[in-house]
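A.B. asks: Okay, handing you the structure first.
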Amino acid sequence: MESQRGDGGSVDLDGTSLETLAPEPLLTRDYEVRPALVYERLRQQHGPVAPVDLLGVPAWLVLGYRESLQVLQDDEGWPKGLENWRARTEGRVPSDWPLGPSLEVNHILIQGGPGYRPLRTAWDVALKPFQDPRHPQAKRLKAAVTAYADELITLVGQGGATGVADLSAQFSRPLPLMVASHLLGFPGSQGDDALMDMWRVLDAGPDAEAALERLLATLAELAALKLEKPGDDFPSYLLAAHPDLSLDQLARELFMLLGMTSDHVGILISNTVVEVISGEGSVRASLSAGMVRESMNRVVMRKPPLVNFVPRFAARDTPLGNYTIRAGDPVWVSPGAAHADPLFADHVASGTTISTRAHLSWGAGPRQCPARELASTVAAAGVGRLFERFDYLDLALPADQLPWRSSPFMRGLRSLPVRYELASVPPPRPWADAPAPGVAEEVLPDPAARQRSSLWRYLTGLIRGGR
């Protein structure tokens, strides 16, 4: 049985297995610099689904928008859960595979099987107070985002009312980590050291393994604290919704919230800033009209922070694209490639004021990201406050020379150098409703404790180093 390839050739649907295709490596220098070109080359060679090599392990990469939806919306036919991976079960995945550690931490993003549904229900319940704008916790969260953004911007201003700053290191990356610390209910500034360890884990440097051990231990201690003394925070709500979670399981869920939302949101903030600064007049106009989220929609259409989702697995032999995916084969959906699929991208009008919401940045189907509204709120509030506090922002490098960091999952800027001019008088904080007395003060830790934290010492060092 044959099928047409994207270039007009044909592929044997029934006689070809992933292991015999000798797939080309995906994570190359070309991919790090210009992933769009790599995706397009694969699309031309194989059509909407391509065999690739992920650091020595073969997998299927879904490049087509329609095929991505087919996988994402069918949780039964394409389940998550490493127990479904045939090659892993048969011992053909190396024990030292570099991607192994990130996939072995069994949390909601990875988990399959019967345990997923009650865990997802608990996540939805625990996140609702922070995602429902009518809830006091959601209002406090927005107050926290604005207060933390002001704190970071004021720190940048210590280097001068005008100057050059790295908005990635000094704003986009620390802001969502600080908000995540608020969500987790770390006492005072105690979460700052954990945030620095999360940073080290995300950067996958030589100290990442030790940082991960410290971080998981810290999160286990926090979980024990919330079990003993629940509060108005995510871990307490998650425990209340899923009392059977062990402390180890809760720590893994907190790790997922801390890592996934912080890196995703930080990249989204940076990419949106670049879009607004270097974009056409319509982009700036939409921001001025308060349509920050529509600017973000345009950004994730072209540059989604999460470029490849964690793997799913074929439940049975299933035709997909121009191949038959064998039962137990790993399938990685790529929103970065799907958004560039001509069958989809050609229908998206780039010049419209209201952009499409059909992007896959948060996934689709029953396993769409449970924290998508939370993450969007944090990013939008951070970007909005940034442009309120600066009278002038411009890139210190041409947009096509900005340095990118790529991983199998995420793609974001290594740095975002800008020239800035702070507003002489900070505008008032834009509360949607008047907060309860003392809310703005409550979200900020004691200044002396903050200055002793490793995160603040690092950020202060960036200011001193830039003088």
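By order in the structure tokens, chains are A, B, ...; within a chain, residues start at 1; ligands start at 1, following the order shown.
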Each residue of stretch 31-140 of chain A with at least one atom at most 10 Å from stretch 395-417 of chain A should appear once, together with its nearest atom pair and the corresponding distance in Å (one decimal); atoms considered: only C-alpha atoms; ordering: chain, then increasing residue number; output as CSV.
C.D. replies:
```
residue,atom,partner,partner_atom,distance
A:Tyr31,CA,A:Ser406,CA,8.0
A:Glu32,CA,A:Ser406,CA,5.3
A:Val33,CA,A:Trp404,CA,7.2
A:Arg34,CA,A:Trp404,CA,9.6
A:Pro35,CA,A:Ser406,CA,8.9
A:Leu54,CA,A:Pro408,CA,8.1
A:Leu55,CA,A:Pro408,CA,9.6
A:Leu99,CA,A:Pro408,CA,8.3
```
A.B. asks: To one decimal in Å, tell me the separation between atom CA of A:Leu258 and atom CA of A:Met301.
C.D. replies: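 Between atom CA of A:Leu258 and atom CA of A:Met301 the gap is 24.2 Å.
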A.B. asks: Which is closest to A:Glu76 among A:Phe313, A:Ala364, A:Pro187, A:Gly336, if we use only C-alpha atoms?
C.D. replies: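 Checking each candidate against A:Glu76, we get A:Phe313 as the closest.
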A.B. asks: Can you tell me, as a tab-separated table (two decimals) with all heavy atoms, in the first residue's frame, which residues in stretch 268-410 of chain A count as alpha helix (DSSP H) by DSSP?
C.D. replies:
```
chain	number	residue	atom	x	y	z
A	268	LEU	N	7.62	33.61	26.57
A	268	LEU	CA	6.50	34.33	25.98
A	268	LEU	C	6.62	35.83	26.22
A	268	LEU	O	6.35	36.64	25.32
A	268	LEU	CB	5.18	33.79	26.54
A	268	LEU	CG	3.88	34.40	26.01
A	268	LEU	CD1	3.83	34.33	24.49
A	268	LEU	CD2	2.69	33.69	26.63
A	269	ILE	N	7.04	36.22	27.41
A	269	ILE	CA	7.23	37.65	27.70
A	269	ILE	C	8.29	38.24	26.79
A	269	ILE	O	8.09	39.28	26.15
A	269	ILE	CB	7.59	37.85	29.18
A	269	ILE	CG1	6.40	37.53	30.09
A	269	ILE	CG2	8.05	39.30	29.43
A	269	ILE	CD1	6.72	37.55	31.57
A	270	SER	N	9.46	37.59	26.72
A	270	SER	CA	10.54	38.10	25.88
A	270	SER	C	10.13	38.19	24.42
A	270	SER	O	10.38	39.20	23.74
A	270	SER	CB	11.79	37.21	26.00
A	270	SER	OG	12.45	37.40	27.23
A	271	ASN	N	9.51	37.15	23.90
A	271	ASN	CA	9.11	37.15	22.50
A	271	ASN	C	8.08	38.23	22.20
A	271	ASN	O	8.08	38.84	21.12
A	271	ASN	CB	8.57	35.78	22.10
A	271	ASN	CG	9.64	34.71	22.05
A	271	ASN	OD1	10.82	34.99	22.27
A	271	ASN	ND2	9.26	33.49	21.75
A	272	THR	N	7.17	38.47	23.15
A	272	THR	CA	6.17	39.51	22.95
A	272	THR	C	6.82	40.90	22.97
A	272	THR	O	6.44	41.78	22.18
A	272	THR	CB	5.07	39.42	24.02
A	272	THR	OG1	4.50	38.11	24.01
A	272	THR	CG2	3.97	40.44	23.77
A	273	VAL	N	7.79	41.10	23.84
A	273	VAL	CA	8.51	42.38	23.87
A	273	VAL	C	9.19	42.63	22.52
A	273	VAL	O	9.11	43.73	21.97
A	273	VAL	CB	9.54	42.39	25.02
A	273	VAL	CG1	10.47	43.60	24.90
A	273	VAL	CG2	8.84	42.41	26.37
A	274	VAL	N	9.84	41.61	21.98
A	274	VAL	CA	10.50	41.76	20.68
A	274	VAL	C	9.47	42.07	19.59
A	274	VAL	O	9.69	42.93	18.73
A	274	VAL	CB	11.30	40.50	20.32
A	274	VAL	CG1	11.85	40.59	18.89
A	274	VAL	CG2	12.44	40.29	21.30
A	275	GLU	N	8.33	41.39	19.65
A	275	GLU	CA	7.26	41.61	18.67
A	275	GLU	C	6.79	43.05	18.70
A	275	GLU	O	6.60	43.69	17.66
A	275	GLU	CB	6.09	40.67	18.96
A	275	GLU	CG	4.84	40.94	18.14
A	275	GLU	CD	4.84	40.24	16.79
A	275	GLU	OE1	5.83	39.55	16.48
A	275	GLU	OE2	3.85	40.39	16.06
A	276	VAL	N	6.60	43.58	19.89
A	276	VAL	CA	6.08	44.94	20.02
A	276	VAL	C	7.13	45.97	19.59
A	276	VAL	O	6.84	46.93	18.86
A	276	VAL	CB	5.62	45.22	21.46
A	276	VAL	CG1	5.23	46.68	21.65
A	276	VAL	CG2	4.45	44.31	21.81
A	277	ILE	N	8.39	45.76	20.03
A	277	ILE	CA	9.43	46.73	19.72
A	277	ILE	C	9.75	46.76	18.22
A	277	ILE	O	9.89	47.82	17.62
A	277	ILE	CB	10.72	46.40	20.51
A	277	ILE	CG1	10.50	46.66	22.00
A	277	ILE	CG2	11.89	47.24	20.01
A	277	ILE	CD1	11.68	46.28	22.87
A	278	SER	N	9.85	45.58	17.62
A	278	SER	CA	10.29	45.51	16.23
A	278	SER	C	9.15	45.35	15.24
A	278	SER	O	9.37	45.31	14.04
A	278	SER	CB	11.27	44.33	16.05
A	278	SER	OG	10.64	43.10	16.37
A	281	GLY	N	3.35	49.09	12.95
A	281	GLY	CA	2.56	50.01	13.75
A	281	GLY	C	1.32	49.37	14.34
A	281	GLY	O	0.88	49.73	15.43
A	282	SER	N	0.74	48.38	13.63
A	282	SER	CA	-0.48	47.75	14.12
A	282	SER	C	-0.23	47.00	15.42
A	282	SER	O	-1.11	46.87	16.26
A	282	SER	CB	-1.03	46.79	13.07
A	282	SER	OG	-0.10	45.75	12.78
A	283	VAL	N	1.01	46.48	15.59
A	283	VAL	CA	1.35	45.76	16.82
A	283	VAL	C	1.37	46.73	17.99
A	283	VAL	O	0.79	46.49	19.05
A	283	VAL	CB	2.70	45.04	16.68
A	283	VAL	CG1	3.06	44.35	17.98
A	283	VAL	CG2	2.66	44.05	15.53
A	284	ARG	N	2.05	47.85	17.81
A	284	ARG	CA	2.10	48.85	18.88
A	284	ARG	C	0.71	49.41	19.17
A	284	ARG	O	0.35	49.66	20.31
A	284	ARG	CB	3.05	49.99	18.49
A	284	ARG	CG	4.50	49.56	18.35
A	284	ARG	CD	5.36	50.71	17.82
A	284	ARG	NE	6.72	50.30	17.62
A	284	ARG	CZ	7.71	50.46	18.50
A	284	ARG	NH1	7.43	51.03	19.67
A	284	ARG	NH2	8.92	50.06	18.25
A	285	ALA	N	-0.08	49.59	18.11
A	285	ALA	CA	-1.42	50.12	18.30
A	285	ALA	C	-2.28	49.16	19.10
A	285	ALA	O	-3.04	49.57	19.97
A	285	ALA	CB	-2.06	50.40	16.94
A	286	SER	N	-2.16	47.87	18.81
A	286	SER	CA	-2.97	46.89	19.54
A	286	SER	C	-2.58	46.84	21.00
A	286	SER	O	-3.42	46.66	21.87
A	286	SER	CB	-2.85	45.51	18.89
A	286	SER	OG	-1.55	44.97	19.07
A	287	LEU	N	-1.27	47.05	21.29
A	287	LEU	CA	-0.84	47.06	22.68
A	287	LEU	C	-1.40	48.30	23.38
A	287	LEU	O	-1.85	48.23	24.52
A	287	LEU	CB	0.69	47.03	22.76
A	287	LEU	CG	1.24	46.75	24.16
A	287	LEU	CD1	1.02	45.31	24.55
A	287	LEU	CD2	2.72	47.10	24.23
A	288	SER	N	-1.35	49.44	22.68
A	288	SER	CA	-1.88	50.67	23.27
A	288	SER	C	-3.37	50.55	23.54
A	288	SER	O	-3.89	51.15	24.47
A	288	SER	CB	-1.62	51.85	22.33
A	288	SER	OG	-0.24	52.01	22.12
A	292	VAL	N	-2.99	43.19	24.74
A	292	VAL	CA	-1.72	42.49	24.91
A	292	VAL	C	-1.86	41.03	24.52
A	292	VAL	O	-0.96	40.45	23.89
A	292	VAL	CB	-1.23	42.62	26.37
A	292	VAL	CG1	0.10	41.90	26.56
A	292	VAL	CG2	-1.10	44.08	26.76
A	293	ARG	N	-2.98	40.42	24.86
A	293	ARG	CA	-3.13	38.98	24.59
A	293	ARG	C	-3.18	38.70	23.10
A	293	ARG	O	-2.72	37.65	22.65
A	293	ARG	CB	-4.37	38.43	25.28
A	293	ARG	CG	-4.25	38.41	26.78
A	293	ARG	CD	-5.15	37.37	27.38
A	293	ARG	NE	-5.03	37.35	28.83
A	293	ARG	CZ	-5.41	36.34	29.58
A	293	ARG	NH1	-5.93	35.26	29.02
A	293	ARG	NH2	-5.30	36.38	30.88
A	294	GLU	N	-3.73	39.63	22.31
A	294	GLU	CA	-3.73	39.41	20.87
A	294	GLU	C	-2.32	39.51	20.31
A	294	GLU	O	-1.96	38.80	19.38
A	294	GLU	CB	-4.67	40.40	20.18
A	294	GLU	CG	-6.13	40.18	20.49
A	294	GLU	CD	-6.59	38.77	20.15
A	294	GLU	OE1	-6.00	38.13	19.27
A	294	GLU	OE2	-7.55	38.29	20.78
A	295	SER	N	-1.51	40.40	20.89
A	295	SER	CA	-0.10	40.44	20.50
A	295	SER	C	0.58	39.12	20.83
A	295	SER	O	1.39	38.59	20.05
A	295	SER	CB	0.61	41.59	21.21
A	295	SER	OG	0.11	42.85	20.80
A	296	MET	N	0.24	38.55	21.99
A	296	MET	CA	0.81	37.26	22.38
A	296	MET	C	0.36	36.16	21.43
A	296	MET	O	1.13	35.25	21.10
A	296	MET	CB	0.44	36.93	23.84
A	296	MET	CG	1.15	37.83	24.82
A	296	MET	SD	0.79	37.58	26.60
A	296	MET	CE	-0.39	36.31	26.66
A	297	ASN	N	-0.89	36.21	20.98
A	297	ASN	CA	-1.37	35.22	20.03
A	297	ASN	C	-0.56	35.25	18.75
A	297	ASN	O	-0.21	34.20	18.18
A	297	ASN	CB	-2.85	35.46	19.70
A	297	ASN	CG	-3.77	34.94	20.79
A	297	ASN	OD1	-3.38	34.13	21.62
A	297	ASN	ND2	-5.00	35.42	20.79
A	298	ARG	N	-0.24	36.44	18.27
A	298	ARG	CA	0.57	36.55	17.06
A	298	ARG	C	1.96	35.98	17.30
A	298	ARG	O	2.56	35.34	16.43
A	298	ARG	CB	0.66	38.01	16.62
A	298	ARG	CG	-0.60	38.50	15.91
A	298	ARG	CD	-0.34	39.87	15.27
A	298	ARG	NE	-0.25	40.92	16.27
A	298	ARG	CZ	-1.29	41.62	16.71
A	298	ARG	NH1	-2.50	41.34	16.25
A	298	ARG	NH2	-1.13	42.57	17.60
A	299	VAL	N	2.49	36.22	18.50
A	299	VAL	CA	3.83	35.73	18.83
A	299	VAL	C	3.86	34.20	18.82
A	299	VAL	O	4.75	33.58	18.21
A	299	VAL	CB	4.28	36.27	20.20
A	299	VAL	CG1	5.50	35.51	20.70
A	299	VAL	CG2	4.59	37.76	20.10
A	300	VAL	N	2.91	33.57	19.50
A	300	VAL	CA	2.96	32.11	19.60
A	300	VAL	C	2.61	31.43	18.28
A	300	VAL	O	2.91	30.25	18.09
A	300	VAL	CB	2.05	31.58	20.72
A	300	VAL	CG1	2.51	32.10	22.07
A	300	VAL	CG2	0.59	31.95	20.48
A	301	MET	N	2.00	32.16	17.36
A	301	MET	CA	1.79	31.60	16.03
A	301	MET	C	3.12	31.39	15.33
A	301	MET	O	3.34	30.38	14.66
A	301	MET	CB	0.90	32.53	15.19
A	301	MET	CG	-0.57	32.47	15.53
A	301	MET	SD	-1.29	30.84	15.27
A	301	MET	CE	-0.93	30.60	13.54
A	302	ARG	N	4.02	32.38	15.46
A	302	ARG	CA	5.29	32.31	14.74
A	302	ARG	C	6.42	31.70	15.58
A	302	ARG	O	7.30	31.04	15.04
A	302	ARG	CB	5.69	33.70	14.28
A	302	ARG	CG	4.79	34.26	13.19
A	302	ARG	CD	5.42	35.47	12.52
A	302	ARG	NE	5.51	36.61	13.42
A	302	ARG	CZ	4.53	37.48	13.62
A	302	ARG	NH1	3.37	37.32	13.01
A	302	ARG	NH2	4.69	38.51	14.42
A	335	PRO	N	4.32	21.94	17.69
A	335	PRO	CA	3.56	23.14	17.34
A	335	PRO	C	4.38	24.13	16.54
A	335	PRO	O	3.85	24.87	15.71
A	335	PRO	CB	3.13	23.72	18.70
A	335	PRO	CG	4.02	23.08	19.70
A	335	PRO	CD	4.43	21.75	19.16
A	336	GLY	N	5.71	24.14	16.79
A	336	GLY	CA	6.57	25.03	16.01
A	336	GLY	C	6.49	24.74	14.53
A	336	GLY	O	6.50	25.64	13.69
A	337	ALA	N	6.42	23.45	14.17
A	337	ALA	CA	6.29	23.06	12.76
A	337	ALA	C	4.85	23.16	12.29
A	337	ALA	O	4.58	23.59	11.16
A	337	ALA	CB	6.80	21.63	12.58
A	338	ALA	N	3.88	22.78	13.13
A	338	ALA	CA	2.48	22.77	12.73
A	338	ALA	C	2.00	24.18	12.38
A	338	ALA	O	1.20	24.36	11.45
A	338	ALA	CB	1.61	22.18	13.83
A	342	PRO	N	1.84	24.94	5.57
A	342	PRO	CA	1.14	25.80	4.59
A	342	PRO	C	-0.37	25.60	4.59
A	342	PRO	O	-1.12	26.55	4.35
A	342	PRO	CB	1.76	25.37	3.26
A	342	PRO	CG	3.11	24.83	3.62
A	342	PRO	CD	2.93	24.18	4.96
A	343	LEU	N	-0.84	24.38	4.86
A	343	LEU	CA	-2.28	24.14	4.87
A	343	LEU	C	-2.97	24.93	5.98
A	343	LEU	O	-4.17	25.18	5.92
A	343	LEU	CB	-2.57	22.64	5.06
A	343	LEU	CG	-2.11	21.74	3.92
A	343	LEU	CD1	-2.38	20.28	4.26
A	343	LEU	CD2	-2.82	22.12	2.62
A	344	PHE	N	-2.20	25.32	7.00
A	344	PHE	CA	-2.76	26.12	8.10
A	344	PHE	C	-2.32	27.58	8.00
A	344	PHE	O	-3.14	28.50	8.05
A	344	PHE	CB	-2.32	25.54	9.44
A	344	PHE	CG	-2.70	26.39	10.63
A	344	PHE	CD1	-4.02	26.49	11.02
A	344	PHE	CD2	-1.74	27.08	11.35
A	344	PHE	CE1	-4.38	27.27	12.11
A	344	PHE	CE2	-2.09	27.87	12.43
A	344	PHE	CZ	-3.42	27.96	12.82
A	345	ALA	N	-1.00	27.81	7.81
A	345	ALA	CA	-0.46	29.16	7.85
A	345	ALA	C	-1.02	30.04	6.74
A	345	ALA	O	-1.19	31.25	6.93
A	345	ALA	CB	1.07	29.11	7.75
A	372	ARG	N	-3.03	27.18	31.36
A	372	ARG	CA	-2.87	28.10	30.23
A	372	ARG	C	-3.41	29.49	30.55
A	372	ARG	O	-2.80	30.51	30.17
A	372	ARG	CB	-3.53	27.54	28.98
A	372	ARG	CG	-5.01	27.26	29.10
A	372	ARG	CD	-5.54	26.44	27.92
A	372	ARG	NE	-6.97	26.16	28.01
A	372	ARG	CZ	-7.49	25.17	28.72
A	372	ARG	NH1	-6.69	24.37	29.41
A	372	ARG	NH2	-8.79	24.97	28.73
A	373	GLU	N	-4.54	29.58	31.25
A	373	GLU	CA	-5.10	30.89	31.58
A	373	GLU	C	-4.23	31.60	32.60
A	373	GLU	O	-3.99	32.82	32.51
A	373	GLU	CB	-6.53	30.73	32.12
A	373	GLU	CG	-7.20	32.05	32.51
A	373	GLU	CD	-7.33	33.01	31.34
A	373	GLU	OE1	-7.43	32.55	30.18
A	373	GLU	OE2	-7.33	34.24	31.59
A	374	LEU	N	-3.73	30.87	33.56
A	374	LEU	CA	-2.83	31.42	34.56
A	374	LEU	C	-1.58	31.98	33.89
A	374	LEU	O	-1.17	33.11	34.15
A	374	LEU	CB	-2.46	30.32	35.57
A	374	LEU	CG	-1.32	30.63	36.54
A	374	LEU	CD1	-1.77	31.67	37.55
A	374	LEU	CD2	-0.87	29.37	37.24
A	375	ALA	N	-0.96	31.18	33.03
A	375	ALA	CA	0.28	31.60	32.37
A	375	ALA	C	0.04	32.81	31.47
A	375	ALA	O	0.86	33.74	31.44
A	375	ALA	CB	0.84	30.43	31.55
A	376	SER	N	-1.07	32.81	30.75
A	376	SER	CA	-1.38	33.95	29.88
A	376	SER	C	-1.60	35.22	30.69
A	376	SER	O	-1.16	36.31	30.29
A	376	SER	CB	-2.63	33.64	29.04
A	376	SER	OG	-2.41	32.55	28.18
A	377	THR	N	-2.25	35.09	31.84
A	377	THR	CA	-2.49	36.24	32.70
A	377	THR	C	-1.17	36.83	33.20
A	377	THR	O	-0.97	38.05	33.19
A	377	THR	CB	-3.38	35.86	33.89
A	377	THR	OG1	-4.66	35.45	33.40
A	377	THR	CG2	-3.54	37.02	34.86
A	378	VAL	N	-0.27	35.96	33.65
A	378	VAL	CA	1.03	36.42	34.16
A	378	VAL	C	1.81	37.12	33.06
A	378	VAL	O	2.37	38.21	33.26
A	378	VAL	CB	1.83	35.24	34.74
A	378	VAL	CG1	3.24	35.69	35.12
A	378	VAL	CG2	1.10	34.65	35.96
A	379	ALA	N	1.88	36.50	31.88
A	379	ALA	CA	2.64	37.08	30.78
A	379	ALA	C	2.06	38.42	30.34
A	379	ALA	O	2.78	39.40	30.14
A	379	ALA	CB	2.68	36.12	29.60
A	380	ALA	N	0.73	38.47	30.20
A	380	ALA	CA	0.09	39.71	29.75
A	380	ALA	C	0.28	40.83	30.77
A	380	ALA	O	0.57	41.98	30.40
A	380	ALA	CB	-1.40	39.47	29.50
A	381	ALA	N	0.13	40.53	32.05
A	381	ALA	CA	0.31	41.55	33.08
A	381	ALA	C	1.75	42.03	33.12
A	381	ALA	O	2.02	43.23	33.28
A	381	ALA	CB	-0.11	41.00	34.44
A	382	GLY	N	2.71	41.11	32.97
A	382	GLY	CA	4.12	41.49	32.97
A	382	GLY	C	4.48	42.38	31.79
A	382	GLY	O	5.14	43.41	31.95
A	383	VAL	N	4.03	42.00	30.60
A	383	VAL	CA	4.32	42.80	29.40
A	383	VAL	C	3.66	44.17	29.50
A	383	VAL	O	4.27	45.20	29.20
A	383	VAL	CB	3.84	42.06	28.13
A	383	VAL	CG1	3.90	42.99	26.92
A	383	VAL	CG2	4.69	40.82	27.88
A	384	GLY	N	2.40	44.18	29.93
A	384	GLY	CA	1.70	45.45	30.05
A	384	GLY	C	2.40	46.40	31.00
A	384	GLY	O	2.56	47.60	30.70
A	385	ARG	N	2.83	45.90	32.16
A	385	ARG	CA	3.48	46.77	33.14
A	385	ARG	C	4.82	47.26	32.62
A	385	ARG	O	5.22	48.40	32.89
A	385	ARG	CB	3.66	46.02	34.46
A	385	ARG	CG	4.06	46.92	35.63
A	385	ARG	CD	3.02	48.00	35.86
A	385	ARG	NE	3.33	48.83	37.02
A	385	ARG	CZ	2.71	49.98	37.27
A	385	ARG	NH1	1.76	50.40	36.47
A	385	ARG	NH2	3.04	50.69	38.34
A	386	LEU	N	5.53	46.42	31.88
A	386	LEU	CA	6.83	46.81	31.33
A	386	LEU	C	6.69	48.04	30.45
A	386	LEU	O	7.45	49.01	30.58
A	386	LEU	CB	7.40	45.64	30.53
A	386	LEU	CG	8.87	45.73	30.12
A	386	LEU	CD1	9.77	45.54	31.33
A	386	LEU	CD2	9.18	44.68	29.08
A	387	PHE	N	5.70	48.03	29.55
A	387	PHE	CA	5.55	49.15	28.64
A	387	PHE	C	4.91	50.36	29.31
A	387	PHE	O	4.98	51.48	28.79
A	387	PHE	CB	4.76	48.72	27.41
A	387	PHE	CG	5.60	47.93	26.43
A	387	PHE	CD1	5.60	46.55	26.46
A	387	PHE	CD2	6.42	48.58	25.53
A	387	PHE	CE1	6.38	45.81	25.59
A	387	PHE	CE2	7.22	47.86	24.65
A	387	PHE	CZ	7.20	46.48	24.67
A	388	GLU	N	4.30	50.17	30.47
A	388	GLU	CA	3.82	51.31	31.24
A	388	GLU	C	4.95	52.01	31.97
A	388	GLU	O	4.93	53.23	32.14
A	388	GLU	CB	2.76	50.86	32.24
A	388	GLU	CG	1.44	50.47	31.62
A	388	GLU	CD	0.50	49.83	32.62
A	388	GLU	OE1	0.95	49.46	33.73
A	388	GLU	OE2	-0.69	49.70	32.30
A	389	ARG	N	5.95	51.25	32.41
A	389	ARG	CA	7.04	51.81	33.22
A	389	ARG	C	8.17	52.41	32.39
A	389	ARG	O	8.96	53.18	32.92
A	389	ARG	CB	7.61	50.72	34.14
A	389	ARG	CG	6.71	50.28	35.28
A	389	ARG	CD	6.57	51.35	36.36
A	389	ARG	NE	7.84	51.87	36.83
A	389	ARG	CZ	8.54	51.32	37.84
A	389	ARG	NH1	8.07	50.26	38.47
A	389	ARG	NH2	9.68	51.86	38.21
```
A.B. asks: Which of stretch 216-371 of chain A end up as strand (DSSP E or B) when DSSP is run on this backbone - answer as a CSV table (one decimal) with N, CA, C and O atoms, in the first residue's frame?
C.D. replies:
```
chain,number,residue,atom,x,y,z
A,306,LEU,N,7.0,26.6,23.5
A,306,LEU,CA,7.2,25.1,23.6
A,306,LEU,C,7.1,24.6,22.1
A,306,LEU,O,6.0,24.5,21.5
A,312,ARG,N,3.9,11.2,23.0
A,312,ARG,CA,2.7,10.3,23.1
A,312,ARG,C,3.1,9.0,22.4
A,312,ARG,O,4.2,9.0,21.7
A,313,PHE,N,2.3,8.0,22.4
A,313,PHE,CA,2.6,6.7,21.9
A,313,PHE,C,1.4,6.1,21.2
A,313,PHE,O,0.3,6.2,21.7
A,318,THR,N,-1.3,2.7,13.4
A,318,THR,CA,-2.2,3.7,13.0
A,318,THR,C,-1.6,4.5,11.8
A,318,THR,O,-0.5,5.0,12.0
A,319,PRO,N,-2.3,4.7,10.7
A,319,PRO,CA,-1.8,5.6,9.6
A,319,PRO,C,-1.8,7.0,10.1
A,319,PRO,O,-2.8,7.5,10.7
A,320,LEU,N,-0.7,7.7,9.9
A,320,LEU,CA,-0.6,9.1,10.2
A,320,LEU,C,0.3,9.7,9.2
A,320,LEU,O,1.5,9.3,9.0
A,323,TYR,N,2.9,7.6,6.7
A,323,TYR,CA,3.5,6.4,7.3
A,323,TYR,C,2.4,5.7,8.2
A,323,TYR,O,1.4,6.3,8.6
A,324,THR,N,2.7,4.4,8.5
A,324,THR,CA,1.9,3.8,9.6
A,324,THR,C,2.8,3.8,10.8
A,324,THR,O,3.9,3.3,10.8
A,325,ILE,N,2.3,4.4,11.9
A,325,ILE,CA,3.0,4.4,13.2
A,325,ILE,C,2.7,3.1,13.9
A,325,ILE,O,1.5,2.8,14.2
A,330,PRO,N,7.1,6.2,19.7
A,330,PRO,CA,7.0,7.6,20.3
A,330,PRO,C,6.7,8.6,19.2
A,330,PRO,O,7.3,8.6,18.1
A,331,VAL,N,5.7,9.5,19.5
A,331,VAL,CA,5.3,10.5,18.6
A,331,VAL,C,5.4,11.9,19.3
A,331,VAL,O,4.7,12.1,20.3
A,332,TRP,N,6.2,12.8,18.7
A,332,TRP,CA,6.4,14.1,19.3
A,332,TRP,C,5.6,15.1,18.4
A,332,TRP,O,6.0,15.3,17.2
A,333,VAL,N,4.6,15.7,18.9
A,333,VAL,CA,3.9,16.8,18.2
A,333,VAL,C,4.7,18.1,18.3
A,333,VAL,O,5.1,18.5,19.3
```
A.B. asks: Using only C-alpha atoms, determine which residues lie at most 12 Å from stretch 368-370 of chain A, disregarding the query and same-chain residues fewer than 2 positions distant; provide the list as a ChimeraX atom specification.
C.D. replies: /A:69,72-75,108-110,119-128,130-131,256-257,260-261,264,306,309,359-366,372-376
A.B. asks: Would you write out those residues with C-alpha atoms, as a CSV table (one decimal), in the first residue's frame?
C.D. replies:
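Result written to part-v7.csv:
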```
chain,number,residue,atom,x,y,z
A,69,LEU,CA,-4.8,17.9,16.1
A,72,LEU,CA,-3.7,15.8,20.5
A,73,GLN,CA,-7.5,15.3,20.4
A,74,ASP,CA,-7.4,11.5,20.6
A,75,ASP,CA,-6.0,10.6,24.1
A,108,ILE,CA,0.9,15.5,35.1
A,109,LEU,CA,2.6,16.5,31.9
A,110,ILE,CA,4.1,13.0,31.5
A,119,LEU,CA,-4.8,14.0,39.1
A,120,ARG,CA,-6.0,16.3,36.3
A,121,THR,CA,-9.3,16.9,38.0
A,122,ALA,CA,-7.4,17.9,41.2
A,123,TRP,CA,-5.2,20.3,39.1
A,124,ASP,CA,-8.2,21.9,37.6
A,125,VAL,CA,-9.8,22.4,41.1
A,126,ALA,CA,-6.5,23.7,42.6
A,127,LEU,CA,-5.9,26.2,39.8
A,128,LYS,CA,-9.4,27.6,39.5
A,130,PHE,CA,-6.0,31.6,40.5
A,131,GLN,CA,-7.6,31.5,37.0
A,256,MET,CA,6.2,20.7,37.1
A,257,LEU,CA,4.3,23.9,37.9
A,260,MET,CA,7.0,24.5,33.0
A,261,THR,CA,5.1,27.7,33.7
A,264,HIS,CA,7.2,29.0,29.1
A,306,LEU,CA,7.2,25.1,23.6
A,309,PHE,CA,5.5,18.5,23.2
A,359,HIS,CA,-2.6,28.1,17.8
A,360,LEU,CA,-1.3,24.9,19.5
A,361,SER,CA,1.0,26.6,22.0
A,362,TRP,CA,-1.0,25.2,25.0
A,363,GLY,CA,-1.9,22.0,23.3
A,364,ALA,CA,-5.4,20.9,22.3
A,365,GLY,CA,-7.9,18.3,23.3
A,366,PRO,CA,-8.5,16.7,26.8
A,372,ARG,CA,-2.9,28.1,30.2
A,373,GLU,CA,-5.1,30.9,31.6
A,374,LEU,CA,-2.8,31.4,34.6
A,375,ALA,CA,0.3,31.6,32.4
A,376,SER,CA,-1.4,33.9,29.9
```
A.B. asks: List as a ChimeraX atom specification the protein and nucleic acid residues near stretch 37-52 of chain A, meaning an atom at most 6 Å away when only C-alpha atoms are counted, but skip any in the same chain fewer than 6 places from it.
C.D. replies: /A:5-7,23-26,31,58-64,321,337
